[in-house]
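Undergrad: Sending over protein_19.pdb (PDB, C-alpha atoms).
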```
ATOM      1  CA  MET A  54      84.201  33.373  -8.267
ATOM      2  CA  ILE A  55      84.577  32.380  -4.599
ATOM      3  CA  ASP A  56      83.851  35.341  -2.324
ATOM      4  CA  GLU A  57      84.375  33.821   1.113
ATOM      5  CA  PRO A  58      88.015  34.047   2.297
ATOM      6  CA  LEU A  59      88.093  30.770   4.228
ATOM      7  CA  GLU A  60      86.460  28.865   1.394
ATOM      8  CA  ARG A  61      89.089  30.274  -0.974
ATOM      9  CA  LEU A  62      91.741  28.997   1.428
ATOM     10  CA  ARG A  63      90.173  25.546   1.681
ATOM     11  CA  ILE A  64      90.087  25.222  -2.105
ATOM     12  CA  ALA A  65      93.688  26.435  -2.471
ATOM     13  CA  ALA A  66      94.953  24.055   0.230
ATOM     14  CA  ARG A  67      93.202  21.157  -1.474
ATOM     15  CA  ARG A  68      94.751  22.134  -4.819
ATOM     16  CA  ALA A  69      98.208  22.326  -3.209
ATOM     17  CA  ARG A  70      97.786  18.829  -1.749
ATOM     18  CA  GLU A  71      96.624  17.462  -5.096
ATOM     19  CA  LEU A  72      99.543  19.081  -6.913
ATOM     20  CA  ALA A  73     102.054  17.576  -4.483
ATOM     21  CA  ARG A  74     100.342  14.206  -4.012
ATOM     22  CA  ASN A  75     102.682  12.105  -6.157
ATOM     23  CA  ARG A  76     105.817  14.113  -5.507
ATOM     24  CA  ALA A  77     108.784  12.542  -3.741
ATOM     25  CA  VAL A  78     110.002  13.998  -0.459
ATOM     26  CA  THR A  79     112.952  16.304  -1.181
ATOM     27  CA  GLY A  80     113.932  17.508   2.278
ATOM     28  CA  LEU A  81     113.213  21.112   1.286
ATOM     29  CA  ARG A  82     111.629  23.051   4.158
ATOM     30  CA  HIS A  83     109.726  26.334   3.943
ATOM     31  CA  GLU A  84     112.885  28.300   4.729
ATOM     32  CA  ASP A  85     114.584  26.639   1.734
ATOM     33  CA  ALA A  86     111.959  27.902  -0.703
ATOM     34  CA  ASP A  87     113.000  29.381  -4.028
ATOM     35  CA  ASP A  88     112.652  33.183  -4.066
ATOM     36  CA  ASP A  89     110.664  33.040  -7.279
ATOM     37  CA  VAL A  90     108.542  29.886  -6.999
ATOM     38  CA  GLY A  91     107.826  29.892  -3.243
ATOM     39  CA  THR A  92     106.951  27.072  -0.867
ATOM     40  CA  ILE A  93     104.643  25.199  -3.224
ATOM     41  CA  ASP A  94     107.772  23.331  -4.379
ATOM     42  CA  THR A  95     108.872  22.375  -0.848
ATOM     43  CA  ASP A  96     107.841  19.437   1.315
ATOM     44  CA  GLY A  97     105.457  21.781   3.098
ATOM     45  CA  ALA A  98     103.025  21.350   0.224
ATOM     46  CA  LEU A  99     102.777  17.617   0.962
ATOM     47  CA  GLY A 100      99.549  17.310   2.935
ATOM     48  CA  PHE A 101      99.267  21.101   3.339
ATOM     49  CA  ASP A 102      96.305  21.935   5.539
ATOM     50  CA  PRO A 103      96.473  25.095   7.682
ATOM     51  CA  PHE A 104      93.051  24.567   9.238
ATOM     52  CA  PRO A 105      93.964  22.351  12.213
ATOM     53  CA  LEU A 106      96.361  25.020  13.495
ATOM     54  CA  LEU A 107      94.003  27.884  12.673
ATOM     55  CA  GLU A 108      91.253  26.077  14.571
ATOM     56  CA  ALA A 109      93.579  25.454  17.521
ATOM     57  CA  LEU A 110      94.490  29.144  17.657
ATOM     58  CA  HIS A 111      90.813  30.072  17.669
ATOM     59  CA  ARG A 112      89.961  27.437  20.282
ATOM     60  CA  ASN A 113      92.665  28.768  22.609
ATOM     61  CA  GLY A 114      91.678  32.403  22.170
ATOM     62  CA  VAL A 115      94.889  33.372  20.377
ATOM     63  CA  ARG A 116      94.784  36.512  18.240
ATOM     64  CA  ALA A 117      97.459  35.590  15.711
ATOM     65  CA  VAL A 118      97.208  37.297  12.343
ATOM     66  CA  VAL A 119      97.792  35.311   9.159
ATOM     67  CA  ILE A 120     100.343  36.962   6.876
ATOM     68  CA  GLY A 121     102.234  35.727   3.801
ATOM     69  CA  GLN A 122     100.644  33.869   0.910
ATOM     70  CA  VAL A 123      97.873  32.272   2.970
ATOM     71  CA  ALA A 124      96.625  35.810   3.645
ATOM     72  CA  GLY A 125      97.127  36.576  -0.043
ATOM     73  CA  ILE A 126      94.933  33.608  -0.989
ATOM     74  CA  MET A 127      92.258  34.825   1.413
ATOM     75  CA  HIS A 128      92.308  38.120  -0.502
ATOM     76  CA  GLY A 129      91.951  36.310  -3.829
ATOM     77  CA  SER A 130      95.506  35.483  -4.941
ATOM     78  CA  THR A 131      95.628  32.486  -7.257
ATOM     79  CA  GLU A 132      99.189  31.391  -6.385
ATOM     80  CA  LEU A 133      99.409  28.306  -4.207
ATOM     81  CA  THR A 134     101.581  27.955  -1.113
ATOM     82  CA  GLY A 135     102.926  25.286   1.192
ATOM     83  CA  ASP A 136     103.387  27.266   4.395
ATOM     84  CA  LEU A 137     101.513  29.323   6.967
ATOM     85  CA  ASP A 138     103.051  32.503   8.410
ATOM     86  CA  LEU A 139     101.686  34.188  11.518
ATOM     87  CA  LEU A 140     102.135  37.480  13.346
ATOM     88  CA  TRP A 141     101.150  37.976  16.985
ATOM     89  CA  ASP A 142     101.712  40.807  19.456
ATOM     90  CA  GLY A 143     104.558  39.211  21.452
ATOM     91  CA  VAL A 144     102.962  40.097  24.808
ATOM     92  CA  PRO A 145     104.272  37.571  27.385
ATOM     93  CA  ALA A 146     100.856  37.145  28.986
ATOM     94  CA  HIS A 147      99.509  35.839  25.654
ATOM     95  CA  ALA A 148     102.303  33.297  25.112
ATOM     96  CA  PRO A 149     100.784  30.434  27.180
ATOM     97  CA  ALA A 150      97.676  30.317  24.991
ATOM     98  CA  LEU A 151      99.864  30.323  21.892
ATOM     99  CA  ALA A 152     101.958  27.452  23.266
ATOM    100  CA  ALA A 153      98.797  25.510  24.150
ATOM    101  CA  ALA A 154      97.451  25.914  20.607
ATOM    102  CA  PHE A 155     100.671  24.697  18.998
ATOM    103  CA  THR A 156     100.998  21.821  21.487
ATOM    104  CA  SER A 157      97.461  20.649  20.704
ATOM    105  CA  VAL A 158      98.406  20.030  17.055
ATOM    106  CA  ASN A 159     101.742  18.379  17.922
ATOM    107  CA  ALA A 160     103.769  21.221  16.450
ATOM    108  CA  GLN A 161     107.552  21.247  16.719
ATOM    109  CA  LEU A 162     109.439  24.531  17.131
ATOM    110  CA  ALA A 163     112.929  25.621  16.062
ATOM    111  CA  ASP A 164     114.931  28.833  16.157
ATOM    112  CA  GLU A 165     116.203  30.565  13.020
ATOM    113  CA  THR A 166     119.208  28.231  12.830
ATOM    114  CA  GLY A 167     116.980  25.142  12.937
ATOM    115  CA  THR A 168     117.838  24.260  16.534
ATOM    116  CA  PRO A 169     114.814  22.608  18.215
ATOM    117  CA  LEU A 170     112.966  24.547  20.901
ATOM    118  CA  ALA A 171     110.513  23.387  23.533
ATOM    119  CA  THR A 172     106.894  24.108  22.652
ATOM    120  CA  ASP A 173     106.445  26.329  25.677
ATOM    121  CA  PRO A 174     105.573  29.996  26.246
ATOM    122  CA  ASP A 175     109.186  31.195  26.553
ATOM    123  CA  SER A 176     110.038  29.955  23.071
ATOM    124  CA  PHE A 177     107.359  32.153  21.548
ATOM    125  CA  LEU A 178     108.887  35.268  23.091
ATOM    126  CA  ARG A 179     111.625  35.175  20.456
ATOM    127  CA  PRO A 180     111.135  37.594  17.542
ATOM    128  CA  LYS A 181     110.500  34.588  15.305
ATOM    129  CA  VAL A 182     110.151  30.837  15.691
ATOM    130  CA  GLN A 183     109.858  28.278  12.930
ATOM    131  CA  PHE A 184     107.260  25.562  13.333
ATOM    132  CA  THR A 185     106.213  22.334  11.716
ATOM    133  CA  SER A 186     102.987  20.476  12.368
ATOM    134  CA  PRO A 187     101.199  17.599  10.623
ATOM    135  CA  GLY A 188      99.225  20.075   8.492
ATOM    136  CA  ALA A 189     101.409  23.133   8.071
ATOM    137  CA  GLY A 190     104.763  24.648   8.843
ATOM    138  CA  GLY A 191     105.957  28.224   8.712
ATOM    139  CA  ASP A 192     107.088  31.165  10.798
ATOM    140  CA  CYS A 193     105.435  32.651  13.890
ATOM    141  CA  CYS A 194     106.663  36.239  14.252
ATOM    142  CA  THR A 195     106.273  39.214  16.569
ATOM    143  CA  PRO A 196     106.696  42.947  15.911
ATOM    144  CA  ALA A 197     110.161  42.631  17.522
ATOM    145  CA  LEU A 198     111.419  40.989  14.339
ATOM    146  CA  PRO A 199     113.208  43.613  12.193
ATOM    147  CA  TRP A 200     110.622  44.780   9.664
ATOM    148  CA  GLY A 201     112.530  47.744   8.235
ATOM    149  CA  THR A 202     110.386  50.867   8.192
ATOM    150  CA  LEU A 203     107.115  48.963   8.578
ATOM    151  CA  SER A 204     105.078  49.511  11.743
ATOM    152  CA  VAL A 205     103.751  45.971  11.839
ATOM    153  CA  ARG A 206     102.244  46.369  15.308
ATOM    154  CA  GLU A 207      99.666  48.582  13.598
ATOM    155  CA  PHE A 208      98.990  45.763  11.141
ATOM    156  CA  LEU A 209      97.660  43.697  14.042
ATOM    157  CA  ASP A 210      95.046  46.358  14.781
ATOM    158  CA  ARG A 211      94.002  46.592  11.128
ATOM    159  CA  ALA A 212      93.645  42.841  10.582
ATOM    160  CA  ILE A 213      90.454  41.544   9.001
ATOM    161  CA  ILE A 214      88.412  38.768  10.599
ATOM    162  CA  ALA A 215      86.974  35.958   8.494
ATOM    163  CA  VAL A 216      84.290  33.783  10.084
ATOM    164  CA  ASP A 217      82.968  30.533   8.654
ATOM    165  CA  PRO A 218      79.612  28.839   9.424
ATOM    166  CA  SER A 219      81.207  26.665  12.121
ATOM    167  CA  GLY A 220      82.186  29.793  14.067
ATOM    168  CA  LEU A 221      85.901  29.591  13.265
ATOM    169  CA  GLU A 222      87.449  33.060  13.294
ATOM    170  CA  VAL A 223      90.682  33.735  11.414
ATOM    171  CA  HIS A 224      92.447  37.083  11.590
ATOM    172  CA  TYR A 225      94.417  38.008   8.473
ATOM    173  CA  ALA A 226      96.407  41.008   7.297
ATOM    174  CA  SER A 227      94.611  43.671   5.304
ATOM    175  CA  ARG A 228      95.328  43.872   1.586
ATOM    176  CA  GLU A 229      97.146  47.186   1.939
ATOM    177  CA  ASP A 230      99.348  45.935   4.778
ATOM    178  CA  LEU A 231     100.109  42.703   2.957
ATOM    179  CA  ILE A 232     101.162  44.665  -0.137
ATOM    180  CA  GLN A 233     103.485  46.747   2.053
ATOM    181  CA  MET A 234     105.027  43.603   3.522
ATOM    182  CA  ARG A 235     105.499  42.097   0.082
ATOM    183  CA  ARG A 236     107.209  45.152  -1.319
ATOM    184  CA  ALA A 237     109.432  45.505   1.742
ATOM    185  CA  LEU A 238     110.660  41.900   1.356
ATOM    186  CA  GLY A 239     111.351  42.544  -2.305
ATOM    187  CA  ARG A 240     111.947  38.976  -3.513
ATOM    188  CA  PRO A 241     110.670  38.149  -7.023
ATOM    189  CA  LYS A 242     107.710  36.202  -5.648
ATOM    190  CA  ASP A 243     106.835  39.029  -3.233
ATOM    191  CA  LEU A 244     106.916  41.731  -5.901
ATOM    192  CA  ARG A 245     104.841  39.574  -8.256
ATOM    193  CA  ARG A 246     102.295  38.815  -5.543
ATOM    194  CA  ALA A 247     102.151  42.470  -4.487
ATOM    195  CA  GLU A 248     101.249  43.394  -8.064
ATOM    196  CA  GLU A 249      98.582  40.696  -8.124
ATOM    197  CA  LEU A 250      97.079  41.961  -4.856
ATOM    198  CA  ASP A 251      97.180  45.504  -6.191
ATOM    199  CA  SER A 252      95.269  44.382  -9.291
ATOM    200  CA  LEU A 253      92.593  42.838  -7.054
ATOM    201  CA  ARG A 254      91.663  46.152  -5.435
ATOM    202  CA  ALA A 255      88.016  47.083  -5.746
ATOM    203  CA  PRO A 256      87.507  49.565  -8.641
TER     204      PRO A 256
END
```
Could you express the structure from this file as structure tokens?
TA:
Amino acid sequence: MIDEPLERLRIAARRARELARNRAVTGLRHEDADDDVGTIDTDGALGFDPFPLLEALHRNGVRAVVIGQVAGIMHGSTELTGDLDLLWDGVPAHAPALAAAFTSVNAQLADETGTPLATDPDSFLRPKVQFTSPGAGGDCCTPALPWGTLSVREFLDRAIIAVDPSGLEVHYASREDLIQMRRALGRPKDLRRAEELDSLRAP
């Protein structure tokens, strides 16, 4: 049993890369993922490694919170993923550091229609941008994105911090908040993963 969240993530990312190693490129992006299987079957799993971007965020002092299945893995989920989803506060003064972090890993941005965006602070002020980088792609969201009845701004304050021996700090959504997000999305994979997270609660 691996107890350290970042070590769990490292092992899961390595398993995802191994699973996808001999798979042909399909052109499927994270937004094309099947609602049941998830992004492990997309091209995002090819070479999946969220750590360069997570390290860049830390290095630039960005407080972006990991959500989605990467956060689930950090809580102990056994399902693999091929994308990295992030939530940040959307405060304009914080956007330059976010842009610097993404630029440092050669990330490319796009809006929700797939139209390319400049990797600059203004682009991050949208409710959501899609990104691709050599290690990981996904969505970078703010509380301005419609989240139904969820008060996701509060999720930022309740985020957990994982720290590894190198000093890397990664903020990730709490188990309870992640379960809420999963159930609100309501896709088969989300409901299944919410049940898994619920089963992982401490007795």
Undergrad: With distances taken over all atoms listed in the file, which residue among A:Ile64, A:Glu84, A:Val118, A:Arg228 lies nearest Glu165 of chain A?
TA: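 Answer, going by the shortest atom-to-atom distance: A:Glu84.
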Undergrad: How big is the axis-aligned box, and where does its centre sit, when it encloses all atoms of segment 150-154 of chain A listed in the file and has 5 Å added on every side, reported in Å to one decimal as lines of an AutoDock Vina configuration file?
TA:
```
center_x = 99.7
center_y = 27.9
center_z = 22.8
size_x = 14.5
size_y = 14.8
size_z = 14.4
```
Undergrad: Evaluate the PyMOL selection byres ((chain A and resi 191) around 7) and record the selected residues as a list in words, following the chain and residue labels used in the document.
TA: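 What the PyMOL selection byres ((chain A and resi 191) around 7) grabs from the file is His83, Asp136, Leu137, Asp138, Gln183, Phe184, Thr185, Ala189, Gly190, Asp192 and Cys193 of chain A.
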Undergrad: The PyMOL selection byres ((chain A and resi 166) around 12) on the file shown: which residues, as number ranges by chain?
TA: A: 84, 162-165, 167-170, 181-183
Undergrad: Pull out every residue that the PyMOL selection byres ((chain A and resi 201-215) around 9) matches in the shown coordinates and put them as a PyMOL selection string.
TA: chain A and resi 57-59+116-119+127+140-142+195-196+199-200+216-217+221-227+230-231+233-234+237
Undergrad: Quick one: pull the distance between atom CA of Asp243 of chain A and atom CA of Cys194 of chain A, Å, one decimal.
TA: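 These atoms are spaced 17.7 Å apart.
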Undergrad: So which residues touch Thr134 of chain A within 10 Å, counting all atoms listed in the file, skipping near sequence neighbours fewer than 6 positions away, as a ChimeraX atom specification?
TA: /A:65-66,68-70,83,90-95,97-98,101,121-123,125-126
Undergrad: So the first atom is atom CA of Asp173 of chain A and the second is atom CA of Ala146 of chain A; what is the distance between them in Å, to one decimal place?
TA: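 A separation of 12.6 Å between them.
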Undergrad: Name the residues within 9 Å of (101.8, 29.0, 20.4), counting only C-alpha atoms in the file's coordinates, and put them as a PDB file with C-alpha atoms, in the coordinates of the input.
TA:
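Here's the written file point.pdb:
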```
ATOM      1  CA  LEU A 110      94.490  29.144  17.657  1.00  0.00           C
ATOM      2  CA  VAL A 115      94.889  33.372  20.377  1.00  0.00           C
ATOM      3  CA  HIS A 147      99.509  35.839  25.654  1.00  0.00           C
ATOM      4  CA  ALA A 148     102.303  33.297  25.112  1.00  0.00           C
ATOM      5  CA  PRO A 149     100.784  30.434  27.180  1.00  0.00           C
ATOM      6  CA  ALA A 150      97.676  30.317  24.991  1.00  0.00           C
ATOM      7  CA  LEU A 151      99.864  30.323  21.892  1.00  0.00           C
ATOM      8  CA  ALA A 152     101.958  27.452  23.266  1.00  0.00           C
ATOM      9  CA  ALA A 153      98.797  25.510  24.150  1.00  0.00           C
ATOM     10  CA  ALA A 154      97.451  25.914  20.607  1.00  0.00           C
ATOM     11  CA  PHE A 155     100.671  24.697  18.998  1.00  0.00           C
ATOM     12  CA  THR A 156     100.998  21.821  21.487  1.00  0.00           C
ATOM     13  CA  ALA A 160     103.769  21.221  16.450  1.00  0.00           C
ATOM     14  CA  THR A 172     106.894  24.108  22.652  1.00  0.00           C
ATOM     15  CA  ASP A 173     106.445  26.329  25.677  1.00  0.00           C
ATOM     16  CA  PRO A 174     105.573  29.996  26.246  1.00  0.00           C
ATOM     17  CA  SER A 176     110.038  29.955  23.071  1.00  0.00           C
ATOM     18  CA  PHE A 177     107.359  32.153  21.548  1.00  0.00           C
ATOM     19  CA  CYS A 193     105.435  32.651  13.890  1.00  0.00           C
TER      20      CYS A 193
END
```
Undergrad: Near Arg74 of chain A, within 8 Å and counting all atoms listed in the file, which residues show up once chain neighbours fewer than 2 positions away are dropped, as a PyMOL selection string?
TA: chain A and resi 70-72+76+99-100
Undergrad: Suppose you want the space between atom CA of Glu108 of chain A and atom CA of His128 of chain A; what is it in Å?
TA: 19.3 Å
Undergrad: Counting only C-alpha atoms, which residue out of A:Arg245, A:Asn75, A:Arg112, A:Leu198 sits closest to Glu132 of chain A?
TA: A:Arg245
Undergrad: Would it be fine to have segment 109-202 of chain A, with C-alpha atoms, given as a PDB file, in the first residue's frame?
TA:
```pdb
ATOM      1  CA  ALA A 109       6.573  24.552 -13.027  1.00  0.00           C
ATOM      2  CA  LEU A 110       3.462  25.679 -11.155  1.00  0.00           C
ATOM      3  CA  HIS A 111       5.271  25.257  -7.850  1.00  0.00           C
ATOM      4  CA  ARG A 112       8.401  27.013  -9.122  1.00  0.00           C
ATOM      5  CA  ASN A 113       6.347  30.018 -10.239  1.00  0.00           C
ATOM      6  CA  GLY A 114       4.371  30.249  -7.010  1.00  0.00           C
ATOM      7  CA  VAL A 115       1.055  29.314  -8.620  1.00  0.00           C
ATOM      8  CA  ARG A 116      -1.650  27.961  -6.319  1.00  0.00           C
ATOM      9  CA  ALA A 117      -3.516  25.798  -8.818  1.00  0.00           C
ATOM     10  CA  VAL A 118      -5.486  22.915  -7.360  1.00  0.00           C
ATOM     11  CA  VAL A 119      -5.414  19.517  -9.053  1.00  0.00           C
ATOM     12  CA  ILE A 120      -8.901  18.151  -9.700  1.00  0.00           C
ATOM     13  CA  GLY A 121     -10.184  15.256 -11.828  1.00  0.00           C
ATOM     14  CA  GLN A 122      -8.670  11.786 -11.865  1.00  0.00           C
ATOM     15  CA  VAL A 123      -5.136  12.911 -11.015  1.00  0.00           C
ATOM     16  CA  ALA A 124      -6.553  14.143  -7.697  1.00  0.00           C
ATOM     17  CA  GLY A 125      -8.467  10.871  -7.424  1.00  0.00           C
ATOM     18  CA  ILE A 126      -5.229   8.907  -7.844  1.00  0.00           C
ATOM     19  CA  MET A 127      -3.603  11.016  -5.138  1.00  0.00           C
ATOM     20  CA  HIS A 128      -6.455   9.938  -2.852  1.00  0.00           C
ATOM     21  CA  GLY A 129      -5.917   6.276  -3.737  1.00  0.00           C
ATOM     22  CA  SER A 130      -8.031   5.647  -6.851  1.00  0.00           C
ATOM     23  CA  THR A 131      -6.705   2.769  -8.931  1.00  0.00           C
ATOM     24  CA  GLU A 132      -8.071   3.981 -12.293  1.00  0.00           C
ATOM     25  CA  LEU A 133      -5.469   5.405 -14.639  1.00  0.00           C
ATOM     26  CA  THR A 134      -5.791   8.670 -16.550  1.00  0.00           C
ATOM     27  CA  GLY A 135      -4.187  10.509 -19.430  1.00  0.00           C
ATOM     28  CA  ASP A 136      -4.947  14.107 -18.500  1.00  0.00           C
ATOM     29  CA  LEU A 137      -4.385  16.710 -15.804  1.00  0.00           C
ATOM     30  CA  ASP A 138      -7.191  19.083 -14.777  1.00  0.00           C
ATOM     31  CA  LEU A 139      -6.558  22.204 -12.722  1.00  0.00           C
ATOM     32  CA  LEU A 140      -8.606  24.781 -10.838  1.00  0.00           C
ATOM     33  CA  TRP A 141      -7.255  28.207  -9.893  1.00  0.00           C
ATOM     34  CA  ASP A 142      -8.877  31.315  -8.429  1.00  0.00           C
ATOM     35  CA  GLY A 143      -9.101  33.363 -11.651  1.00  0.00           C
ATOM     36  CA  VAL A 144      -7.693  36.500  -9.985  1.00  0.00           C
ATOM     37  CA  PRO A 145      -6.088  38.625 -12.750  1.00  0.00           C
ATOM     38  CA  ALA A 146      -3.064  39.464 -10.613  1.00  0.00           C
ATOM     39  CA  HIS A 147      -2.217  35.740 -10.433  1.00  0.00           C
ATOM     40  CA  ALA A 148      -2.478  35.133 -14.192  1.00  0.00           C
ATOM     41  CA  PRO A 149       1.098  36.198 -15.121  1.00  0.00           C
ATOM     42  CA  ALA A 150       2.623  33.530 -12.881  1.00  0.00           C
ATOM     43  CA  LEU A 151       0.278  30.945 -14.370  1.00  0.00           C
ATOM     44  CA  ALA A 152       1.257  31.978 -17.905  1.00  0.00           C
ATOM     45  CA  ALA A 153       4.953  31.830 -16.974  1.00  0.00           C
ATOM     46  CA  ALA A 154       4.559  28.292 -15.613  1.00  0.00           C
ATOM     47  CA  PHE A 155       2.796  27.038 -18.737  1.00  0.00           C
ATOM     48  CA  THR A 156       5.272  28.827 -21.027  1.00  0.00           C
ATOM     49  CA  SER A 157       8.212  27.191 -19.243  1.00  0.00           C
ATOM     50  CA  VAL A 158       6.969  23.720 -20.244  1.00  0.00           C
ATOM     51  CA  ASN A 159       6.135  24.761 -23.826  1.00  0.00           C
ATOM     52  CA  ALA A 160       2.406  24.351 -23.298  1.00  0.00           C
ATOM     53  CA  GLN A 161      -0.054  25.277 -26.033  1.00  0.00           C
ATOM     54  CA  LEU A 162      -3.457  26.748 -25.155  1.00  0.00           C
ATOM     55  CA  ALA A 163      -6.837  26.584 -26.906  1.00  0.00           C
ATOM     56  CA  ASP A 164     -10.357  27.754 -26.152  1.00  0.00           C
ATOM     57  CA  GLU A 165     -13.293  25.365 -25.790  1.00  0.00           C
ATOM     58  CA  THR A 166     -13.738  25.179 -29.569  1.00  0.00           C
ATOM     59  CA  GLY A 167     -10.094  24.191 -30.079  1.00  0.00           C
ATOM     60  CA  THR A 168      -9.030  27.587 -31.417  1.00  0.00           C
ATOM     61  CA  PRO A 169      -5.399  28.292 -30.410  1.00  0.00           C
ATOM     62  CA  LEU A 170      -4.740  30.981 -27.817  1.00  0.00           C
ATOM     63  CA  ALA A 171      -1.557  32.810 -26.914  1.00  0.00           C
ATOM     64  CA  THR A 172       0.103  31.496 -23.766  1.00  0.00           C
ATOM     65  CA  ASP A 173      -0.268  34.819 -22.006  1.00  0.00           C
ATOM     66  CA  PRO A 174      -2.054  36.044 -18.868  1.00  0.00           C
ATOM     67  CA  ASP A 175      -5.198  37.243 -20.674  1.00  0.00           C
ATOM     68  CA  SER A 176      -5.903  33.775 -22.040  1.00  0.00           C
ATOM     69  CA  PHE A 177      -6.071  32.345 -18.539  1.00  0.00           C
ATOM     70  CA  LEU A 178      -8.796  34.798 -17.552  1.00  0.00           C
ATOM     71  CA  ARG A 179     -11.305  32.733 -19.523  1.00  0.00           C
ATOM     72  CA  PRO A 180     -13.478  30.403 -17.417  1.00  0.00           C
ATOM     73  CA  LYS A 181     -11.620  27.467 -18.954  1.00  0.00           C
ATOM     74  CA  VAL A 182      -8.691  26.924 -21.292  1.00  0.00           C
ATOM     75  CA  GLN A 183      -7.518  23.647 -22.757  1.00  0.00           C
ATOM     76  CA  PHE A 184      -3.801  22.962 -22.751  1.00  0.00           C
ATOM     77  CA  THR A 185      -1.339  20.497 -24.163  1.00  0.00           C
ATOM     78  CA  SER A 186       2.276  20.134 -23.120  1.00  0.00           C
ATOM     79  CA  PRO A 187       4.953  17.497 -23.748  1.00  0.00           C
ATOM     80  CA  GLY A 188       3.951  15.671 -20.549  1.00  0.00           C
ATOM     81  CA  ALA A 189       0.268  16.345 -20.018  1.00  0.00           C
ATOM     82  CA  GLY A 190      -2.789  18.015 -21.432  1.00  0.00           C
ATOM     83  CA  GLY A 191      -6.087  18.911 -19.836  1.00  0.00           C
ATOM     84  CA  ASP A 192      -8.274  21.775 -18.697  1.00  0.00           C
ATOM     85  CA  CYS A 193      -7.317  24.784 -16.570  1.00  0.00           C
ATOM     86  CA  CYS A 194     -10.506  26.161 -15.004  1.00  0.00           C
ATOM     87  CA  THR A 195     -11.637  28.987 -12.745  1.00  0.00           C
ATOM     88  CA  PRO A 196     -14.681  29.278 -10.466  1.00  0.00           C
ATOM     89  CA  ALA A 197     -16.310  31.357 -13.246  1.00  0.00           C
ATOM     90  CA  LEU A 198     -16.922  28.155 -15.191  1.00  0.00           C
ATOM     91  CA  PRO A 199     -20.535  27.008 -14.620  1.00  0.00           C
ATOM     92  CA  TRP A 200     -20.340  24.397 -11.865  1.00  0.00           C
ATOM     93  CA  GLY A 201     -24.062  24.035 -11.168  1.00  0.00           C
ATOM     94  CA  THR A 202     -24.801  24.327  -7.464  1.00  0.00           C
TER      95      THR A 202
END
```
